[in-house]
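In what follows, a structure is listed as structure tokens, so that the remarks can point back to it.
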Amino acid sequence: MDAMRLRSLVGKRVLFQFDSGSQAIGVVARCLPDAGAVHLVELEKVALISREGVLLRELETYPFIPATPVSANEV
């Protein structure tokens, strides 16, 4: 996923799907660093969901490396 696309999602509620089939749904709080390639995405008000659709955990924040998601869509 390219840096411009990730930065355009800041402030929006997004569903990230990972290659394992699991999902993270939350508001994109920030992308780091502020310029260039994105190395870290931080979500707020997050729900982590298993590939079976089971809610695993709700978190206030969840940072992840954006090389791992398969797709990201606004929800």
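Within each chain, counting starts at residue 1; across the structure tokens, chains are named A, B, ... in the order shown, with ligands numbered 1 upward in that order.
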
DSSP on the backbone: which residues in segment 11-70 of chain A end up as strand (DSSP E)? Give the answer as a PyMOL selection string. chain A and resi 13-18+23-32+40-49+55-64+69-70

Mind writing the picked residues with N, CA, C and O atoms as a compact mmCIF listing (two decimals), in the first residue's frame?
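Below you can see part.txt, which holds the result:
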```txt
# COMPACT_ATOMS: atom_id res chain seq x y z
N ARG A 13 -12.36 5.96 9.59
CA ARG A 13 -12.50 4.60 10.12
C ARG A 13 -12.23 3.63 8.96
O ARG A 13 -12.84 3.73 7.90
N VAL A 14 -11.31 2.69 9.19
CA VAL A 14 -10.83 1.83 8.11
C VAL A 14 -10.77 0.38 8.59
O VAL A 14 -10.48 0.12 9.76
N LEU A 15 -11.05 -0.55 7.69
CA LEU A 15 -10.90 -1.96 7.94
C LEU A 15 -9.66 -2.44 7.20
O LEU A 15 -9.58 -2.32 5.98
N PHE A 16 -8.67 -2.93 7.94
CA PHE A 16 -7.46 -3.49 7.35
C PHE A 16 -7.57 -5.01 7.41
O PHE A 16 -7.85 -5.57 8.46
N GLN A 17 -7.38 -5.67 6.28
CA GLN A 17 -7.39 -7.13 6.23
C GLN A 17 -5.95 -7.60 6.06
O GLN A 17 -5.20 -7.05 5.25
N PHE A 18 -5.59 -8.63 6.82
CA PHE A 18 -4.23 -9.16 6.80
C PHE A 18 -4.19 -10.51 6.10
O PHE A 18 -5.23 -11.16 5.94
N GLN A 23 -8.54 -9.22 10.85
CA GLN A 23 -8.86 -7.84 10.49
C GLN A 23 -8.64 -6.92 11.68
O GLN A 23 -8.78 -7.34 12.83
N ALA A 24 -8.34 -5.68 11.38
CA ALA A 24 -8.29 -4.62 12.38
C ALA A 24 -9.16 -3.49 11.86
O ALA A 24 -9.00 -3.04 10.72
N ILE A 25 -10.11 -3.06 12.66
CA ILE A 25 -11.01 -1.97 12.29
C ILE A 25 -10.79 -0.85 13.29
O ILE A 25 -10.88 -1.06 14.50
N GLY A 26 -10.49 0.35 12.79
CA GLY A 26 -10.29 1.49 13.68
C GLY A 26 -10.06 2.76 12.90
O GLY A 26 -10.03 2.77 11.67
N VAL A 27 -9.90 3.85 13.64
CA VAL A 27 -9.66 5.16 13.05
C VAL A 27 -8.15 5.33 12.88
O VAL A 27 -7.40 5.14 13.85
N VAL A 28 -7.72 5.66 11.67
CA VAL A 28 -6.29 5.88 11.43
C VAL A 28 -5.90 7.19 12.11
O VAL A 28 -6.38 8.26 11.74
N ALA A 29 -5.05 7.09 13.13
CA ALA A 29 -4.65 8.26 13.91
C ALA A 29 -3.46 8.97 13.29
O ALA A 29 -3.41 10.19 13.25
N ARG A 30 -2.47 8.18 12.83
CA ARG A 30 -1.26 8.78 12.24
C ARG A 30 -0.49 7.75 11.47
O ARG A 30 -0.64 6.55 11.68
N CYS A 31 0.33 8.26 10.56
CA CYS A 31 1.27 7.46 9.80
C CYS A 31 2.66 8.03 10.06
O CYS A 31 2.83 9.26 10.01
N LEU A 32 3.62 7.17 10.35
CA LEU A 32 4.96 7.63 10.67
C LEU A 32 5.98 7.00 9.73
O LEU A 32 5.83 5.84 9.36
N LEU A 40 4.99 2.93 9.96
CA LEU A 40 4.13 2.58 11.09
C LEU A 40 2.79 3.30 10.93
O LEU A 40 2.76 4.49 10.63
N VAL A 41 1.71 2.55 11.13
CA VAL A 41 0.37 3.12 11.14
C VAL A 41 -0.19 2.91 12.54
O VAL A 41 -0.06 1.82 13.10
N GLU A 42 -0.78 3.94 13.11
CA GLU A 42 -1.40 3.81 14.42
C GLU A 42 -2.90 4.01 14.30
O GLU A 42 -3.37 5.02 13.77
N LEU A 43 -3.66 3.01 14.78
CA LEU A 43 -5.11 3.07 14.80
C LEU A 43 -5.59 3.39 16.20
O LEU A 43 -4.93 3.05 17.18
N GLU A 44 -6.75 4.04 16.30
CA GLU A 44 -7.41 4.31 17.57
C GLU A 44 -8.79 3.67 17.56
O GLU A 44 -9.38 3.48 16.50
N LYS A 45 -9.32 3.36 18.75
CA LYS A 45 -10.65 2.75 18.90
C LYS A 45 -10.76 1.51 18.01
O LYS A 45 -11.57 1.44 17.09
N VAL A 46 -9.93 0.52 18.31
CA VAL A 46 -9.69 -0.62 17.43
C VAL A 46 -10.42 -1.88 17.89
O VAL A 46 -10.47 -2.17 19.08
N ALA A 47 -10.93 -2.61 16.91
CA ALA A 47 -11.46 -3.95 17.13
C ALA A 47 -10.59 -4.91 16.31
O ALA A 47 -10.40 -4.70 15.11
N LEU A 48 -10.05 -5.93 16.97
CA LEU A 48 -9.28 -6.98 16.29
C LEU A 48 -10.19 -8.18 16.13
O LEU A 48 -10.78 -8.66 17.10
N ILE A 49 -10.30 -8.68 14.90
CA ILE A 49 -11.25 -9.73 14.57
C ILE A 49 -10.51 -10.90 13.91
O ILE A 49 -9.67 -10.69 13.03
N LEU A 55 -14.65 -11.48 17.54
CA LEU A 55 -13.98 -10.34 18.15
C LEU A 55 -12.95 -10.86 19.14
O LEU A 55 -13.28 -11.53 20.11
N LEU A 56 -11.68 -10.55 18.87
CA LEU A 56 -10.59 -11.01 19.74
C LEU A 56 -10.31 -10.03 20.86
O LEU A 56 -10.06 -10.42 21.99
N ARG A 57 -10.36 -8.75 20.53
CA ARG A 57 -10.00 -7.73 21.52
C ARG A 57 -10.38 -6.35 21.01
O ARG A 57 -10.36 -6.10 19.82
N GLU A 58 -10.72 -5.47 21.94
CA GLU A 58 -10.91 -4.06 21.63
C GLU A 58 -9.80 -3.29 22.33
O GLU A 58 -9.50 -3.55 23.50
N LEU A 59 -9.19 -2.36 21.61
CA LEU A 59 -8.04 -1.61 22.12
C LEU A 59 -8.22 -0.12 21.85
O LEU A 59 -8.88 0.27 20.88
N GLU A 60 -7.63 0.71 22.72
CA GLU A 60 -7.64 2.16 22.49
C GLU A 60 -6.71 2.51 21.32
O GLU A 60 -7.04 3.36 20.51
N THR A 61 -5.53 1.89 21.27
CA THR A 61 -4.60 2.13 20.16
C THR A 61 -3.99 0.81 19.71
O THR A 61 -3.86 -0.13 20.50
N TYR A 62 -3.60 0.77 18.44
CA TYR A 62 -2.98 -0.42 17.87
C TYR A 62 -2.03 0.02 16.77
O TYR A 62 -2.47 0.46 15.70
N PRO A 63 -0.72 -0.06 17.00
CA PRO A 63 0.24 0.27 15.95
C PRO A 63 0.59 -0.99 15.15
O PRO A 63 0.63 -2.09 15.69
N PHE A 64 0.80 -0.82 13.84
CA PHE A 64 1.25 -1.95 13.03
C PHE A 64 2.08 -1.46 11.86
O PHE A 64 2.05 -0.29 11.49
N PRO A 69 -0.80 -5.66 5.80
CA PRO A 69 -2.19 -5.77 5.36
C PRO A 69 -2.30 -6.15 3.89
O PRO A 69 -1.47 -5.77 3.07
N VAL A 70 -3.34 -6.88 3.56
CA VAL A 70 -3.63 -7.22 2.18
C VAL A 70 -4.45 -6.12 1.54
O VAL A 70 -4.25 -5.75 0.39
```

Got a sec: who's within 9 Å of Ala37 of chain A, counting only C-alpha atoms, leaving out chain neighbours fewer than 6 positions off, as a ChimeraX atom specification? /A:2-4

Could you please take those selected residues and save all heavy atoms as a PDB file, in the first residue's frame?
```
ATOM      1  N   ASP A   2       0.595   2.189  -0.852  1.00  0.00           N
ATOM      2  CA  ASP A   2       1.487   3.335  -0.961  1.00  0.00           C
ATOM      3  C   ASP A   2       1.229   4.384   0.119  1.00  0.00           C
ATOM      4  O   ASP A   2       0.161   4.445   0.713  1.00  0.00           O
ATOM      5  CB  ASP A   2       1.424   3.951  -2.365  1.00  0.00           C
ATOM      6  CG  ASP A   2       0.122   4.666  -2.648  1.00  0.00           C
ATOM      7  OD1 ASP A   2      -0.089   5.745  -2.060  1.00  0.00           O
ATOM      8  OD2 ASP A   2      -0.677   4.176  -3.463  1.00  0.00           O
ATOM      9  N   ALA A   3       2.245   5.201   0.358  1.00  0.00           N
ATOM     10  CA  ALA A   3       2.225   6.192   1.443  1.00  0.00           C
ATOM     11  C   ALA A   3       1.110   7.217   1.263  1.00  0.00           C
ATOM     12  O   ALA A   3       0.447   7.583   2.242  1.00  0.00           O
ATOM     13  CB  ALA A   3       3.579   6.884   1.534  1.00  0.00           C
ATOM     14  N   MET A   4       0.891   7.677   0.031  1.00  0.00           N
ATOM     15  CA  MET A   4      -0.168   8.680  -0.197  1.00  0.00           C
ATOM     16  C   MET A   4      -1.528   8.114   0.180  1.00  0.00           C
ATOM     17  O   MET A   4      -2.338   8.799   0.794  1.00  0.00           O
ATOM     18  CB  MET A   4      -0.158   9.151  -1.652  1.00  0.00           C
ATOM     19  CG  MET A   4       0.956  10.129  -1.955  1.00  0.00           C
ATOM     20  SD  MET A   4       0.896  10.774  -3.638  1.00  0.00           S
ATOM     21  CE  MET A   4      -0.745  11.430  -3.731  1.00  0.00           C
TER      22      MET A   4
END
```

Please report, as a ChimeraX atom specification, each residue of chain A to which DSSP assigns helix (DSSP H, G or I) when run on this structure's backbone. /A:3-8

One decimal, Å: what's the distance from atom CA of Ser20 of chain A over to atom CA of Leu6 of chain A, could you say? 20.4 Å

Could you tell me which of A:Pro33, A:Ser71, A:Val38, A:Arg7 comes closest to Gly21 of chain A if we count only C-alpha atoms?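 The shortest atom-to-atom distance to Gly21 of chain A comes from A:Ser71.
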